[in-house]
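Asks: So that we are looking at the same thing, I have put the structure below in structure tokens.
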Amino acid sequence: MCPLTPSDLLRIFEKVDMNGDGFLSLEELKMLLEKTGFGYSIEELESLVGKKSLDFSEFLFFYESRLKQNNNGEKELGASGGDDSDEVEEVERDLVKAFKVFDLDDDGFITSQELECVLKRLGMWDDERCGKDCASMICSYDTNFDGKLDFQEFKGMMLLTTS
């Protein structure tokens, strides 16, 4: 998905912070990550985060560090000459999982309507502009101009936006 702005991340943070205490517990973070197709155990998250909960600035740091790690992973994969095929396969599997989250009717494409539905369900968008913005996002990465994203277009978007 496209990189998120701090205001997008604040909206997500506030929606996921179920008890409204201004912190995301590891359980709340795990739930968010699972909804977006990424599975971590509580122990893995605690190891990554180093604490039991995150305030908003720590959540932003977590988001940025995940993007940077993905970016560094991509560069390392390219620099290694293909020796890290397990990592490449893992990235591909993660992308397939993420794609399936958005491909609601399982037809092999993501439409702006599917994108809008998933983003609203995840609490990432709830205003009237969503449909227009989703159509614009699809259009930005729709290389064959059919009005929807196939897996290769989605993969290209994901790899470009995490660079």
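We label chains A, B, ... in the order they appear in the structure tokens, count residues from 1 in each chain, and number ligands from 1 in the order shown.
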Counting only C-alpha atoms, what is within 12 Å of stretch 144-146 of chain A, bar same-chain residues fewer than 5 positions away, as a list of chain:residue names?
Replies: A:Phe109, A:Ile110, A:Thr111, A:Ser112, A:Ala135, A:Ile138, A:Cys139, A:Gln152, A:Glu153
Asks: Write the selection just made, keeping N, CA, C and O atoms, as a PDB file, in the first residue's frame?
Replies:
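Everything below was put into result.pdb:
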ATOM      1  N   PHE A 109      -7.933  -9.349  -8.981  1.00  0.00           N
ATOM      2  CA  PHE A 109      -7.792  -7.914  -9.198  1.00  0.00           C
ATOM      3  C   PHE A 109      -8.252  -7.152  -7.958  1.00  0.00           C
ATOM      4  O   PHE A 109      -9.117  -7.621  -7.225  1.00  0.00           O
ATOM      5  N   ILE A 110      -7.688  -5.960  -7.771  1.00  0.00           N
ATOM      6  CA  ILE A 110      -8.147  -5.062  -6.717  1.00  0.00           C
ATOM      7  C   ILE A 110      -8.765  -3.850  -7.395  1.00  0.00           C
ATOM      8  O   ILE A 110      -8.095  -3.146  -8.154  1.00  0.00           O
ATOM      9  N   THR A 111     -10.044  -3.631  -7.129  1.00  0.00           N
ATOM     10  CA  THR A 111     -10.740  -2.467  -7.680  1.00  0.00           C
ATOM     11  C   THR A 111     -10.722  -1.350  -6.645  1.00  0.00           C
ATOM     12  O   THR A 111     -10.433  -1.578  -5.464  1.00  0.00           O
ATOM     13  N   SER A 112     -11.073  -0.149  -7.072  1.00  0.00           N
ATOM     14  CA  SER A 112     -11.137   0.960  -6.122  1.00  0.00           C
ATOM     15  C   SER A 112     -12.218   0.701  -5.070  1.00  0.00           C
ATOM     16  O   SER A 112     -12.061   1.087  -3.917  1.00  0.00           O
ATOM     17  N   ALA A 135      -9.814   5.556  -6.029  1.00  0.00           N
ATOM     18  CA  ALA A 135      -9.742   5.488  -7.492  1.00  0.00           C
ATOM     19  C   ALA A 135      -8.432   6.104  -7.977  1.00  0.00           C
ATOM     20  O   ALA A 135      -7.778   5.576  -8.886  1.00  0.00           O
ATOM     21  N   ILE A 138      -5.546   3.644  -7.259  1.00  0.00           N
ATOM     22  CA  ILE A 138      -5.553   2.553  -8.230  1.00  0.00           C
ATOM     23  C   ILE A 138      -4.981   3.050  -9.556  1.00  0.00           C
ATOM     24  O   ILE A 138      -4.112   2.431 -10.160  1.00  0.00           O
ATOM     25  N   CYS A 139      -5.454   4.199  -9.980  1.00  0.00           N
ATOM     26  CA  CYS A 139      -5.028   4.781 -11.255  1.00  0.00           C
ATOM     27  C   CYS A 139      -3.513   5.022 -11.294  1.00  0.00           C
ATOM     28  O   CYS A 139      -2.870   4.822 -12.320  1.00  0.00           O
ATOM     29  N   GLN A 152       0.816  -8.194 -10.199  1.00  0.00           N
ATOM     30  CA  GLN A 152       2.091  -7.580 -10.583  1.00  0.00           C
ATOM     31  C   GLN A 152       2.067  -6.068 -10.367  1.00  0.00           C
ATOM     32  O   GLN A 152       3.047  -5.479  -9.917  1.00  0.00           O
ATOM     33  N   GLU A 153       0.947  -5.423 -10.673  1.00  0.00           N
ATOM     34  CA  GLU A 153       0.818  -3.980 -10.431  1.00  0.00           C
ATOM     35  C   GLU A 153       0.838  -3.685  -8.927  1.00  0.00           C
ATOM     36  O   GLU A 153       1.487  -2.741  -8.480  1.00  0.00           O
TER      37      GLU A 153
END
Asks: When you look at A:Gly37 with a cut-off of 12 Å (counting only C-alpha atoms), what residues show up, excluding the ones that are within fewer than 3 positions of it in the same chain? I need them as a count of residues only.
Replies: 19
Asks: Neighbouring residues of A:Asp55 were defined as those with any atom within 12 Å, considering only C-alpha atoms; residues of the same chain fewer than 5 positions away were excluded. Please report them as a VMD selection string.
Replies: chain A and resid 10 13 to 14 16 to 17 20 to 26 29 49 60 to 62
Asks: Provide the atom CA of A:Leu115 to atom CA of A:Ser7 distance in Å, to one decimal place.
Replies: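 Interatomic distance here is 18.8 Å.
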Asks: Just give me the gap between atom CA of A:Ser136 and atom CA of A:Glu114 in Å, one decimal is fine.
Replies: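 Separation between atom CA of A:Ser136 and atom CA of A:Glu114: 13.4 Å.
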Asks: Could you pull out the helix (DSSP H, G or I) residues of stretch 12-75 of chain A, going by DSSP on the backbone, and write them as JSON, numbers by chain?
Replies: {"A": [12, 13, 14, 15, 16, 26, 27, 28, 29, 30, 31, 32, 33, 34, 35, 42, 43, 44, 45, 46, 47, 48, 49, 56, 57, 58, 59, 60, 61, 62, 63, 64, 65, 66, 67, 68, 69, 70, 71, 72, 73, 74, 75]}
Asks: Per DSSP on the backbone, filter stretch 4-162 of chain A down to the residues in strand (DSSP E) and report them as a PyMOL selection string.
Replies: chain A and resi 24-25+53-54
Asks: Take the residues from that selection and write them out as a tab-separated table (two decimals), in the first residue's frame, keeping N, CA, C and O atoms.
Replies:
chain	number	residue	atom	x	y	z
A	24	LEU	N	-0.82	2.01	22.25
A	24	LEU	CA	-1.19	0.75	21.61
A	24	LEU	C	-0.50	-0.36	22.38
A	24	LEU	O	0.73	-0.39	22.47
A	25	SER	N	-1.29	-1.28	22.89
A	25	SER	CA	-0.71	-2.45	23.53
A	25	SER	C	-0.18	-3.36	22.42
A	25	SER	O	-0.53	-3.21	21.25
A	53	SER	N	3.90	-1.47	25.28
A	53	SER	CA	2.95	-0.60	24.58
A	53	SER	C	3.71	0.54	23.91
A	53	SER	O	4.85	0.82	24.23
A	54	LEU	N	3.01	1.18	22.95
A	54	LEU	CA	3.60	2.28	22.18
A	54	LEU	C	2.71	3.51	22.26
A	54	LEU	O	1.50	3.39	22.07
Asks: Work out how far atom CA of A:Cys117 is from atom CA of A:Lys155, in Å to one decimal.
Replies: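 These atoms are spaced 19.8 Å apart.
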Asks: Taking into account only C-alpha atoms, which residue in the set A:Phe56, A:Glu27, A:Gly156, A:Glu87 is nearest to A:Ile42?
Replies: A:Glu27
